[in-house]
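**Q** The file below is final_21.pdb, PDB, C-alpha atoms and all ligand atoms:
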```pdb
MODEL        1
ATOM      1  CA  MET K   1     -10.264  38.931-184.028
ATOM      2  CA  LEU K   2     -11.412  36.356-181.460
ATOM      3  CA  GLU K   3     -14.781  35.649-183.025
ATOM      4  CA  GLY K   4     -13.878  31.981-183.635
ATOM      5  CA  VAL K   5     -13.307  31.585-179.911
ATOM      6  CA  GLU K   6     -16.675  33.039-179.010
ATOM      7  CA  GLU K   7     -18.379  30.440-181.197
ATOM      8  CA  THR K   8     -16.627  27.426-179.689
ATOM      9  CA  ALA K   9     -16.593  28.502-176.037
ATOM     10  CA  VAL K  10     -19.647  27.615-173.967
ATOM     11  CA  PRO K  11     -21.687  30.858-173.932
ATOM     12  CA  HIS K  12     -22.669  30.993-170.235
ATOM     13  CA  LEU K  13     -19.115  30.351-169.195
ATOM     14  CA  SER K  14     -17.653  33.013-171.419
ATOM     15  CA  LEU K  15     -19.584  35.473-169.240
ATOM     16  CA  LEU K  16     -16.663  35.271-166.869
ATOM     17  CA  GLU K  17     -13.917  37.400-168.223
ATOM     18  CA  GLY K  18     -10.802  39.248-167.215
ATOM     19  CA  GLU K  19      -9.453  39.103-163.646
ATOM     20  CA  HIS K  20     -12.415  37.086-162.357
ATOM     21  CA  ALA K  21     -11.860  34.372-164.969
ATOM     22  CA  ARG K  22      -8.156  34.273-164.124
ATOM     23  CA  GLN K  23      -8.951  33.740-160.422
ATOM     24  CA  GLN K  24     -11.502  31.033-161.160
ATOM     25  CA  ILE K  25      -9.048  29.152-163.361
ATOM     26  CA  ALA K  26      -6.377  29.386-160.639
ATOM     27  CA  ILE K  27      -8.812  27.977-158.058
ATOM     28  CA  LEU K  28      -9.954  25.198-160.373
ATOM     29  CA  ILE K  29      -6.322  24.182-160.898
ATOM     30  CA  GLN K  30      -5.855  23.924-157.116
ATOM     31  CA  ILE K  31      -9.096  21.995-156.730
ATOM     32  CA  GLN K  32      -8.102  19.543-159.415
ATOM     33  CA  GLN K  33      -4.688  19.023-157.815
ATOM     34  CA  LEU K  34      -6.426  18.198-154.522
ATOM     35  CA  ASP K  35      -8.899  15.933-156.292
ATOM     36  CA  GLU K  36      -6.028  14.097-157.965
ATOM     37  CA  GLN K  37      -4.296  13.646-154.608
ATOM     38  CA  LEU K  38      -7.553  12.383-153.109
ATOM     39  CA  ALA K  39      -8.006   9.954-156.002
ATOM     40  CA  SER K  40      -4.444   8.749-155.524
ATOM     41  CA  LEU K  41      -5.071   8.158-151.794
ATOM     42  CA  ASP K  42      -8.259   6.254-152.607
ATOM     43  CA  ALA K  43      -6.491   4.170-155.254
ATOM     44  CA  HIS K  44      -3.793   3.350-152.692
ATOM     45  CA  GLN K  45      -6.432   2.235-150.203
ATOM     46  CA  LYS K  46      -8.100   0.088-152.855
ATOM     47  CA  ARG K  47      -4.769  -1.568-153.754
ATOM     48  CA  HIS K  48      -4.213  -2.359-150.076
ATOM     49  CA  GLU K  49      -7.659  -3.876-149.785
ATOM     50  CA  GLN K  50      -6.904  -6.025-152.823
ATOM     51  CA  LEU K  51      -3.681  -7.183-151.120
ATOM     52  CA  VAL K  52      -5.666  -8.232-148.048
ATOM     53  CA  ALA K  53      -8.224 -10.040-150.223
ATOM     54  CA  ALA K  54      -5.423 -11.889-152.036
ATOM     55  CA  ALA K  55      -3.765 -12.868-148.733
ATOM     56  CA  ALA K  56      -7.144 -14.065-147.424
ATOM     57  CA  VAL K  57      -7.610 -16.263-150.520
ATOM     58  CA  GLN K  58      -4.140 -17.799-149.993
ATOM     59  CA  HIS K  59      -4.885 -18.417-146.321
ATOM     60  CA  GLU K  60      -8.264 -19.966-147.128
ATOM     61  CA  ALA K  61      -6.650 -22.257-149.723
ATOM     62  CA  ALA K  62      -3.998 -23.332-147.169
ATOM     63  CA  LEU K  63      -6.737 -24.106-144.598
ATOM     64  CA  LEU K  64      -8.648 -26.184-147.156
ATOM     65  CA  SER K  65      -5.508 -28.187-148.034
ATOM     66  CA  LEU K  66      -4.864 -28.725-144.335
ATOM     67  CA  ALA K  67      -8.442 -29.916-143.756
ATOM     68  CA  SER K  68      -8.132 -32.314-146.689
ATOM     69  CA  ALA K  69      -4.803 -33.736-145.418
ATOM     70  CA  ARG K  70      -6.220 -34.139-141.888
ATOM     71  CA  SER K  71      -9.311 -35.877-143.246
ATOM     72  CA  SER K  72      -7.174 -38.429-145.156
ATOM     73  CA  LEU K  73      -5.099 -39.103-142.048
ATOM     74  CA  ASN K  74      -8.193 -39.428-139.855
ATOM     75  CA  LYS K  75      -9.637 -42.017-142.212
ATOM     76  CA  ILE K  76      -6.465 -44.123-141.966
ATOM     77  CA  ASN K  77      -6.393 -43.701-138.146
ATOM     78  CA  LYS K  78     -10.001 -44.873-137.908
ATOM     79  CA  GLU K  79      -9.263 -47.995-139.973
ATOM     80  CA  TRP K  80      -6.163 -48.560-137.854
ATOM     81  CA  LYS K  81      -8.135 -48.368-134.623
ATOM     82  CA  ALA K  82     -10.745 -50.838-135.969
ATOM     83  CA  LEU K  83      -7.990 -53.274-136.942
ATOM     84  CA  GLU K  84      -6.337 -52.949-133.498
ATOM     85  CA  GLN K  85      -9.671 -53.883-131.909
ATOM     86  CA  ALA K  86     -10.080 -56.834-134.298
ATOM     87  CA  LEU K  87      -6.532 -57.962-133.467
ATOM     88  CA  SER K  88      -7.163 -57.824-129.749
ATOM     89  CA  LEU K  89     -10.376 -59.884-130.193
ATOM     90  CA  SER K  90      -8.440 -62.400-132.285
ATOM     91  CA  GLU K  91      -5.729 -62.708-129.610
ATOM     92  CA  GLU K  92      -8.434 -63.127-126.970
ATOM     93  CA  ARG K  93      -9.969 -65.934-129.014
ATOM     94  CA  VAL K  94      -6.600 -67.742-129.331
ATOM     95  CA  ARG K  95      -6.091 -67.410-125.579
ATOM     96  CA  LYS K  96      -9.540 -68.863-124.807
ATOM     97  CA  LEU K  97      -9.078 -71.758-127.237
ATOM     98  CA  LYS K  98      -5.748 -72.586-125.545
ATOM     99  CA  ASP K  99      -7.248 -72.311-122.035
ATOM    100  CA  CYS K 100      -9.970 -74.845-122.790
ATOM    101  CA  GLN K 101      -7.541 -77.441-124.163
ATOM    102  CA  THR K 102      -7.487 -79.364-120.847
ATOM    103  CA  ASP K 103     -11.202 -80.262-121.240
ATOM    104  CA  LEU K 104     -10.541 -82.177-124.441
ATOM    105  CA  LYS K 105     -10.928 -85.932-124.105
ATOM    106  CA  THR K 106      -9.986 -87.538-127.408
ATOM    107  CA  ASN K 107      -7.019 -87.110-129.678
ATOM    108  CA  LYS K 108      -9.419 -86.164-132.487
ATOM    109  CA  GLU K 109     -10.885 -83.369-130.398
ATOM    110  CA  TYR K 110      -7.388 -82.232-129.551
ATOM    111  CA  GLN K 111      -6.314 -82.140-133.242
ATOM    112  CA  ALA K 112      -9.458 -80.230-134.168
ATOM    113  CA  ARG K 113      -8.738 -77.644-131.468
ATOM    114  CA  LEU K 114      -5.150 -77.254-132.660
ATOM    115  CA  ALA K 115      -6.441 -76.584-136.180
ATOM    116  CA  GLU K 116      -8.886 -74.054-134.757
ATOM    117  CA  ILE K 117      -6.079 -72.282-132.869
ATOM    118  CA  GLU K 118      -3.889 -72.201-135.974
ATOM    119  CA  ALA K 119      -6.763 -70.713-138.019
ATOM    120  CA  ALA K 120      -7.355 -68.037-135.356
ATOM    121  CA  LYS K 121      -3.629 -67.223-135.285
ATOM    122  CA  ALA K 122      -3.622 -66.968-139.100
ATOM    123  CA  ASP K 123      -6.548 -64.491-138.903
ATOM    124  CA  GLY K 124      -4.554 -62.442-136.386
ATOM    125  CA  GLY K 125      -1.546 -62.524-138.708
ATOM    126  CA  LYS K 126      -3.617 -61.137-141.576
ATOM    127  CA  ILE K 127      -4.880 -58.320-139.354
ATOM    128  CA  GLU K 128      -1.291 -57.513-138.339
ATOM    129  CA  GLU K 129      -0.298 -57.340-142.013
ATOM    130  CA  SER K 130      -3.166 -54.947-142.727
ATOM    131  CA  ILE K 131      -2.039 -52.799-139.795
ATOM    132  CA  LEU K 132       1.487 -52.660-141.228
ATOM    133  CA  VAL K 133       0.088 -51.556-144.593
ATOM    134  CA  LEU K 134      -1.901 -48.787-142.866
ATOM    135  CA  MET K 135       1.171 -47.699-140.883
ATOM    136  CA  GLU K 136       3.052 -47.257-144.143
ATOM    137  CA  LYS K 137       0.164 -45.259-145.591
ATOM    138  CA  ALA K 138      -0.115 -43.077-142.475
ATOM    139  CA  GLU K 139       3.536 -42.005-142.499
ATOM    140  CA  PRO K 140       3.434 -39.694-145.575
ATOM    141  CA  LEU K 141      -0.019 -38.430-144.541
ATOM    142  CA  LYS K 142       1.332 -37.343-141.129
ATOM    143  CA  LYS K 143       4.135 -35.550-142.950
ATOM    144  CA  ALA K 144       1.634 -33.874-145.289
ATOM    145  CA  VAL K 145      -0.487 -32.694-142.333
ATOM    146  CA  ALA K 146       2.588 -31.228-140.611
ATOM    147  CA  GLU K 147       3.600 -29.456-143.842
ATOM    148  CA  GLN K 148       0.107 -28.067-144.434
ATOM    149  CA  GLU K 149      -0.066 -26.893-140.806
ATOM    150  CA  ALA K 150       3.167 -24.958-141.327
ATOM    151  CA  ILE K 151       1.899 -23.449-144.611
ATOM    152  CA  ALA K 152      -1.453 -22.468-143.063
ATOM    153  CA  ARG K 153       0.379 -20.876-140.114
ATOM    154  CA  VAL K 154       2.646 -18.855-142.434
ATOM    155  CA  GLU K 155      -0.304 -17.750-144.610
ATOM    156  CA  GLY K 156      -2.260 -16.808-141.487
ATOM    157  CA  GLU K 157       0.649 -14.705-140.211
ATOM    158  CA  LYS K 158       1.009 -13.050-143.629
ATOM    159  CA  LEU K 159      -2.688 -12.168-143.651
ATOM    160  CA  GLN K 160      -2.531 -10.681-140.153
ATOM    161  CA  GLY K 161       0.615  -8.744-141.118
ATOM    162  CA  VAL K 162      -0.959  -7.235-144.241
ATOM    163  CA  LYS K 163      -4.133  -6.399-142.283
ATOM    164  CA  ALA K 164      -2.184  -4.654-139.530
ATOM    165  CA  GLU K 165      -0.093  -2.735-142.053
ATOM    166  CA  ILE K 166      -3.044  -1.489-144.072
ATOM    167  CA  GLU K 167      -4.922  -0.528-140.928
ATOM    168  CA  THR K 168      -2.026   1.647-139.727
ATOM    169  CA  GLU K 169      -1.699   3.274-143.146
ATOM    170  CA  ARG K 170      -5.470   3.632-143.499
ATOM    171  CA  VAL K 171      -5.620   5.682-140.307
ATOM    172  CA  GLN K 172      -2.716   7.884-141.464
ATOM    173  CA  ARG K 173      -4.271   8.239-144.925
ATOM    174  CA  ALA K 174      -7.647   9.161-143.460
ATOM    175  CA  GLY K 175      -6.006  12.042-141.605
ATOM    176  CA  VAL K 176      -4.296  13.348-144.758
ATOM    177  CA  ARG K 177      -7.498  12.850-146.735
ATOM    178  CA  GLU K 178      -9.497  14.885-144.268
ATOM    179  CA  THR K 179      -7.028  17.801-144.591
ATOM    180  CA  PHE K 180      -7.332  17.717-148.395
ATOM    181  CA  VAL K 181     -11.138  17.579-148.244
ATOM    182  CA  VAL K 182     -11.311  20.585-145.900
ATOM    183  CA  GLU K 183      -8.920  22.506-148.160
ATOM    184  CA  ARG K 184     -10.905  21.584-151.280
ATOM    185  CA  ASP K 185     -14.264  22.480-149.709
ATOM    186  CA  ALA K 186     -12.896  25.921-148.835
ATOM    187  CA  LEU K 187     -11.919  26.368-152.497
ATOM    188  CA  PHE K 188     -15.313  25.100-153.705
ATOM    189  CA  ALA K 189     -16.889  28.048-151.895
ATOM    190  CA  LYS K 190     -14.839  30.440-154.018
ATOM    191  CA  VAL K 191     -15.937  29.047-157.398
ATOM    192  CA  ALA K 192     -18.948  30.375-159.321
ATOM    193  CA  PRO K 193     -21.819  27.834-158.978
ATOM    194  CA  THR K 194     -22.204  27.276-162.743
ATOM    195  CA  ILE K 195     -18.500  26.579-163.124
ATOM    196  CA  LEU K 196     -18.389  24.352-160.045
ATOM    197  CA  LYS K 197     -21.334  22.329-161.344
ATOM    198  CA  GLU K 198     -19.550  21.827-164.645
ATOM    199  CA  TYR K 199     -16.286  20.985-162.915
ATOM    200  CA  ARG K 200     -17.977  18.289-160.845
ATOM    201  CA  ARG K 201     -19.676  16.826-163.895
ATOM    202  CA  LEU K 202     -16.377  16.741-165.792
ATOM    203  CA  MET K 203     -14.599  15.071-162.850
ATOM    204  CA  THR K 204     -16.946  12.092-163.031
ATOM    205  CA  ARG K 205     -15.492  11.104-166.428
ATOM    206  CA  PRO K 206     -12.902   8.349-166.188
ATOM    207  CA  ASN K 207      -9.359   9.157-167.357
ATOM    208  CA  ARG K 208     -10.212  12.731-168.394
ATOM    209  CA  PRO K 209      -9.239  15.838-166.459
ATOM    210  CA  ALA K 210     -11.787  18.563-165.730
ATOM    211  CA  ILE K 211      -9.209  21.243-166.317
ATOM    212  CA  ALA K 212      -6.191  20.851-168.547
ATOM    213  CA  ARG K 213      -3.145  22.763-169.626
ATOM    214  CA  LEU K 214      -2.636  23.916-173.199
ATOM    215  CA  LEU K 215       0.612  22.469-174.470
ATOM    216  CA  GLY K 216       1.348  24.727-177.434
ATOM    217  CA  ASN K 217      -2.021  24.524-179.136
ATOM    218  CA  VAL K 218      -2.734  20.980-177.946
ATOM    219  CA  CYS K 219      -5.226  20.214-175.142
ATOM    220  CA  ALA K 220      -3.359  18.111-172.526
ATOM    221  CA  GLY K 221      -6.685  16.503-171.613
ATOM    222  CA  CYS K 222      -7.455  14.938-174.988
ATOM    223  CA  ARG K 223      -4.351  15.653-177.126
ATOM    224  CA  PHE K 224      -6.353  17.406-179.851
ATOM    225  CA  SER K 225      -4.973  20.506-181.584
ATOM    226  CA  LEU K 226      -7.021  23.635-181.054
ATOM    227  CA  PRO K 227      -7.296  26.775-183.188
ATOM    228  CA  PRO K 228      -4.514  29.364-182.651
ATOM    229  CA  GLN K 229      -7.051  31.869-181.257
ATOM    230  CA  PHE K 230      -7.613  29.563-178.307
ATOM    231  CA  VAL K 231      -3.963  29.743-177.397
ATOM    232  CA  VAL K 232      -3.978  33.538-177.442
ATOM    233  CA  VAL K 233      -7.050  33.798-175.198
ATOM    234  CA  ALA K 234      -6.043  30.984-172.889
ATOM    235  CA  LYS K 235      -2.594  32.471-172.360
ATOM    236  CA  ALA K 236      -4.153  35.751-171.328
ATOM    237  CA  ARG K 237      -6.678  33.783-169.177
ATOM    238  CA  GLU K 238      -9.138  36.402-170.197
ATOM    239  CA  LYS K 239     -12.053  34.005-170.492
ATOM    240  CA  ILE K 240     -12.895  30.586-169.169
ATOM    241  CA  LEU K 241     -12.472  28.433-172.223
ATOM    242  CA  ARG K 242     -13.496  24.871-172.900
ATOM    243  CA  CYS K 243     -11.776  22.384-175.165
ATOM    244  CA  THR K 244     -13.911  21.860-178.265
ATOM    245  CA  TYR K 245     -13.302  18.105-178.163
ATOM    246  CA  CYS K 246     -13.194  16.925-174.554
ATOM    247  CA  GLU K 247     -15.016  19.920-172.989
ATOM    248  CA  CYS K 248     -12.452  20.388-170.216
ATOM    249  CA  PHE K 249     -11.571  23.850-168.936
ATOM    250  CA  LEU K 250      -8.351  25.042-170.504
ATOM    251  CA  TYR K 251      -5.501  27.082-169.165
ATOM    252  CA  ALA K 252      -2.027  27.988-170.344
ATOM    253  CA  THR K 253       0.970  28.774-168.190
ATOM    254  CA  VAL K 254       1.519  32.491-168.469
ATOM    255  CA  GLU K 255       5.099  33.482-169.141
ATOM    256  CA  PRO K 256       6.324  35.770-166.355
ATOM    257  CA  SER K 257       6.587  39.289-167.733
ATOM    258  CA  PRO K 258      10.071  40.832-167.444
ATOM    259  CA  SER K 259      10.131  43.501-164.753
TER
HETATM  260 ZN    ZN Z 301      -9.502  18.498-174.858
ENDMDL
END
```
Could you render the structure from this file as structure tokens?
**A**
Amino acid sequence: MLEGVEETAVPHLSLLEGEHARQQIAILIQIQQLDEQLASLDAHQKRHEQLVAAAAVQHEAALLSLASARSSLNKINKEWKALEQALSLSEERVRKLKDCQTDLKTNKEYQARLAEIEAAKADGGKIEESILVLMEKAEPLKKAVAEQEAIARVEGEKLQGVKAEIETERVQRAGVRETFVVERDALFAKVAPTILKEYRRLMTRPNRPAIARLLGNVCAGCRFSLPPQFVVVAKAREKILRCTYCECFLYATVEPSPS
């Protein structure tokens, strides 16, 4: 009656039958539940690490903008300082020209000196105008630096906050993880080596369970319909069966028998 099943089931695994097979299936279900919880913990940790990386990128970008704003302001300040020095030299020159006026003998010499003083004053005036232009330029740059400093500070605080939060949760998660691993390792010891080897191989496949429930006659692992004989055998958990399509171990929830 179940000949079709014998053909599709993996031969060395169908060696396990009856009560032993039922126990193995029950253990595999527990192992898979623990593995899923472990995977969920790891995924959580990964998401947290991505959050930290994203916060670090934001902080880095804020620091770069701040450095750029400071550099623009520094350039203006440097030019400003140079002009202040030039202005002070110009004023010094005017002062000296005025001081030496008493030595002048002729009216011509006196007129020439006056012209010289006027020219020096005009130079000073131009420098003062340039300084005013720079002052106007510096104003928005100072504002930009202050704004970028505030942004960088906020981003830095955010980064530290996320780091502290994930570290606290990482420690908690590590504790829970360790409990699950110990529990799972204890179950590993109860599984037949051939089955355990297969289970581990199946668990390496992305987005596919190693052991799946039969929903009616459909494998919950791959959603393919299986022959009716499978359902009968799986419900009795008499043999360790494998899905013909996705290879996962199959089990069906056994209806509680009325007592
Ligand atoms: Zn399947």
**Q** What is the distance between CA of Leu63 (chain K) and CA of Ala152 (chain K), in Å to one decimal?
**A** 5.7 Å
**Q** Taking (-7.2, 22.2, -170.8) in the file's coordinates, which residues come within 7 Å, counting only C-alpha atoms, written as a list in words?
**A**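 It turns out the residues near that spot are Ile211, Ala212, Arg213, Leu214, Cys219, Ala220, Gly221, Cys243, Cys248, Phe249, Leu250 and Tyr251 of chain K.
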**Q** Can you measure CA of Tyr110 (chain K) to CA of Gln85 (chain K) for me? One decimal in Å is fine.
**A** 28.5 Å
**Q** Could you tell me which residues the PyMOL selection byres (((chain K and resi 58-61) around 9) and not hetatm) returns for this structure, as a ChimeraX atom specification?
**A** /K:53-57,62-66,151-156,158-159
**Q** Apply the PyMOL selection byres (((chain K and resi 118-125) around 10) and not hetatm) to the displayed file and report the matching residues as a list of chain:residue names.
**A**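 Evaluating the PyMOL selection byres (((chain K and resi 118-125) around 10) and not hetatm) on these coordinates yields K:Leu83, K:Ala86, K:Leu87, K:Ser88, K:Leu89, K:Ser90, K:Glu91, K:Glu92, K:Arg93, K:Val94, K:Arg95, K:Leu97, K:Ala112, K:Arg113, K:Leu114, K:Ala115, K:Glu116, K:Ile117, K:Lys126, K:Ile127, K:Glu128, K:Glu129, K:Ser130, K:Ile131.
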**Q** So how far away is CA of Ile240 (chain K) from CA of His20 (chain K), in Å?
**A**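 The value is 9.4 Å.
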**Q** Please produce region 166-198 of chain K, completed to N, CA and C atoms, as a PDB file, in the frame of the given file.
**A**
```
ATOM      1  N   ILE K 166      -2.107  -2.375-143.361  1.00  0.00           N
ATOM      2  CA  ILE K 166      -3.044  -1.489-144.072  1.00  0.00           C
ATOM      3  C   ILE K 166      -3.881  -0.685-143.080  1.00  0.00           C
ATOM      4  N   GLU K 167      -4.115  -1.263-141.910  1.00  0.00           N
ATOM      5  CA  GLU K 167      -4.922  -0.528-140.928  1.00  0.00           C
ATOM      6  C   GLU K 167      -4.147   0.708-140.445  1.00  0.00           C
ATOM      7  N   THR K 168      -2.852   0.518-140.167  1.00  0.00           N
ATOM      8  CA  THR K 168      -2.026   1.647-139.727  1.00  0.00           C
ATOM      9  C   THR K 168      -2.016   2.735-140.801  1.00  0.00           C
ATOM     10  N   GLU K 169      -1.776   2.292-142.063  1.00  0.00           N
ATOM     11  CA  GLU K 169      -1.699   3.274-143.146  1.00  0.00           C
ATOM     12  C   GLU K 169      -3.060   3.892-143.433  1.00  0.00           C
ATOM     13  N   ARG K 170      -4.132   3.111-143.240  1.00  0.00           N
ATOM     14  CA  ARG K 170      -5.470   3.632-143.499  1.00  0.00           C
ATOM     15  C   ARG K 170      -5.773   4.806-142.551  1.00  0.00           C
ATOM     16  N   VAL K 171      -5.378   4.626-141.291  1.00  0.00           N
ATOM     17  CA  VAL K 171      -5.620   5.682-140.307  1.00  0.00           C
ATOM     18  C   VAL K 171      -4.829   6.944-140.687  1.00  0.00           C
ATOM     19  N   GLN K 172      -3.549   6.738-141.059  1.00  0.00           N
ATOM     20  CA  GLN K 172      -2.716   7.884-141.464  1.00  0.00           C
ATOM     21  C   GLN K 172      -3.325   8.566-142.690  1.00  0.00           C
ATOM     22  N   ARG K 173      -3.730   7.722-143.677  1.00  0.00           N
ATOM     23  CA  ARG K 173      -4.271   8.239-144.925  1.00  0.00           C
ATOM     24  C   ARG K 173      -5.567   9.009-144.676  1.00  0.00           C
ATOM     25  N   ALA K 174      -6.375   8.497-143.763  1.00  0.00           N
ATOM     26  CA  ALA K 174      -7.647   9.161-143.460  1.00  0.00           C
ATOM     27  C   ALA K 174      -7.407  10.571-142.936  1.00  0.00           C
ATOM     28  N   GLY K 175      -6.346  10.725-142.138  1.00  0.00           N
ATOM     29  CA  GLY K 175      -6.006  12.042-141.605  1.00  0.00           C
ATOM     30  C   GLY K 175      -5.617  13.005-142.714  1.00  0.00           C
ATOM     31  N   VAL K 176      -4.743  12.516-143.628  1.00  0.00           N
ATOM     32  CA  VAL K 176      -4.296  13.348-144.758  1.00  0.00           C
ATOM     33  C   VAL K 176      -5.494  13.686-145.649  1.00  0.00           C
ATOM     34  N   ARG K 177      -6.329  12.682-145.864  1.00  0.00           N
ATOM     35  CA  ARG K 177      -7.498  12.850-146.735  1.00  0.00           C
ATOM     36  C   ARG K 177      -8.417  13.952-146.199  1.00  0.00           C
ATOM     37  N   GLU K 178      -8.615  13.907-144.900  1.00  0.00           N
ATOM     38  CA  GLU K 178      -9.497  14.885-144.268  1.00  0.00           C
ATOM     39  C   GLU K 178      -8.971  16.312-144.495  1.00  0.00           C
ATOM     40  N   THR K 179      -7.638  16.479-144.375  1.00  0.00           N
ATOM     41  CA  THR K 179      -7.028  17.801-144.591  1.00  0.00           C
ATOM     42  C   THR K 179      -7.304  18.276-146.021  1.00  0.00           C
ATOM     43  N   PHE K 180      -7.112  17.369-146.991  1.00  0.00           N
ATOM     44  CA  PHE K 180      -7.332  17.717-148.395  1.00  0.00           C
ATOM     45  C   PHE K 180      -8.795  18.101-148.639  1.00  0.00           C
ATOM     46  N   VAL K 181      -9.700  17.339-148.026  1.00  0.00           N
ATOM     47  CA  VAL K 181     -11.138  17.579-148.244  1.00  0.00           C
ATOM     48  C   VAL K 181     -11.520  18.961-147.701  1.00  0.00           C
ATOM     49  N   VAL K 182     -11.005  19.284-146.511  1.00  0.00           N
ATOM     50  CA  VAL K 182     -11.311  20.585-145.900  1.00  0.00           C
ATOM     51  C   VAL K 182     -10.790  21.714-146.805  1.00  0.00           C
ATOM     52  N   GLU K 183      -9.555  21.516-147.285  1.00  0.00           N
ATOM     53  CA  GLU K 183      -8.920  22.506-148.160  1.00  0.00           C
ATOM     54  C   GLU K 183      -9.733  22.676-149.451  1.00  0.00           C
ATOM     55  N   ARG K 184     -10.151  21.556-150.024  1.00  0.00           N
ATOM     56  CA  ARG K 184     -10.905  21.584-151.280  1.00  0.00           C
ATOM     57  C   ARG K 184     -12.279  22.238-151.081  1.00  0.00           C
ATOM     58  N   ASP K 185     -12.938  21.901-149.966  1.00  0.00           N
ATOM     59  CA  ASP K 185     -14.264  22.480-149.709  1.00  0.00           C
ATOM     60  C   ASP K 185     -14.181  23.998-149.577  1.00  0.00           C
ATOM     61  N   ALA K 186     -13.083  24.468-148.981  1.00  0.00           N
ATOM     62  CA  ALA K 186     -12.896  25.921-148.835  1.00  0.00           C
ATOM     63  C   ALA K 186     -12.755  26.557-150.224  1.00  0.00           C
ATOM     64  N   LEU K 187     -12.089  25.842-151.134  1.00  0.00           N
ATOM     65  CA  LEU K 187     -11.919  26.368-152.497  1.00  0.00           C
ATOM     66  C   LEU K 187     -13.237  26.304-153.274  1.00  0.00           C
ATOM     67  N   PHE K 188     -14.006  25.235-153.044  1.00  0.00           N
ATOM     68  CA  PHE K 188     -15.313  25.100-153.705  1.00  0.00           C
ATOM     69  C   PHE K 188     -16.146  26.371-153.495  1.00  0.00           C
ATOM     70  N   ALA K 189     -16.069  26.886-152.259  1.00  0.00           N
ATOM     71  CA  ALA K 189     -16.889  28.048-151.895  1.00  0.00           C
ATOM     72  C   ALA K 189     -16.506  29.290-152.696  1.00  0.00           C
ATOM     73  N   LYS K 190     -15.315  29.252-153.287  1.00  0.00           N
ATOM     74  CA  LYS K 190     -14.839  30.440-154.018  1.00  0.00           C
ATOM     75  C   LYS K 190     -15.132  30.357-155.518  1.00  0.00           C
ATOM     76  N   VAL K 191     -15.694  29.230-155.960  1.00  0.00           N
ATOM     77  CA  VAL K 191     -15.937  29.047-157.398  1.00  0.00           C
ATOM     78  C   VAL K 191     -17.394  29.373-157.727  1.00  0.00           C
ATOM     79  N   ALA K 192     -17.592  30.043-158.877  1.00  0.00           N
ATOM     80  CA  ALA K 192     -18.948  30.375-159.321  1.00  0.00           C
ATOM     81  C   ALA K 192     -19.761  29.084-159.459  1.00  0.00           C
ATOM     82  N   PRO K 193     -21.025  29.061-158.975  1.00  0.00           N
ATOM     83  CA  PRO K 193     -21.819  27.834-158.978  1.00  0.00           C
ATOM     84  C   PRO K 193     -21.919  27.139-160.339  1.00  0.00           C
ATOM     85  N   THR K 194     -22.075  27.905-161.413  1.00  0.00           N
ATOM     86  CA  THR K 194     -22.204  27.276-162.743  1.00  0.00           C
ATOM     87  C   THR K 194     -20.914  26.548-163.117  1.00  0.00           C
ATOM     88  N   ILE K 195     -19.801  27.175-162.790  1.00  0.00           N
ATOM     89  CA  ILE K 195     -18.500  26.579-163.124  1.00  0.00           C
ATOM     90  C   ILE K 195     -18.246  25.351-162.247  1.00  0.00           C
ATOM     91  N   LEU K 196     -18.585  25.470-160.967  1.00  0.00           N
ATOM     92  CA  LEU K 196     -18.389  24.352-160.045  1.00  0.00           C
ATOM     93  C   LEU K 196     -19.215  23.134-160.472  1.00  0.00           C
ATOM     94  N   LYS K 197     -20.441  23.410-160.905  1.00  0.00           N
ATOM     95  CA  LYS K 197     -21.334  22.329-161.344  1.00  0.00           C
ATOM     96  C   LYS K 197     -20.710  21.604-162.543  1.00  0.00           C
ATOM     97  N   GLU K 198     -20.191  22.400-163.465  1.00  0.00           N
ATOM     98  CA  GLU K 198     -19.550  21.827-164.645  1.00  0.00           C
ATOM     99  C   GLU K 198     -18.295  21.045-164.250  1.00  0.00           C
TER     100      GLU K 198
END
```
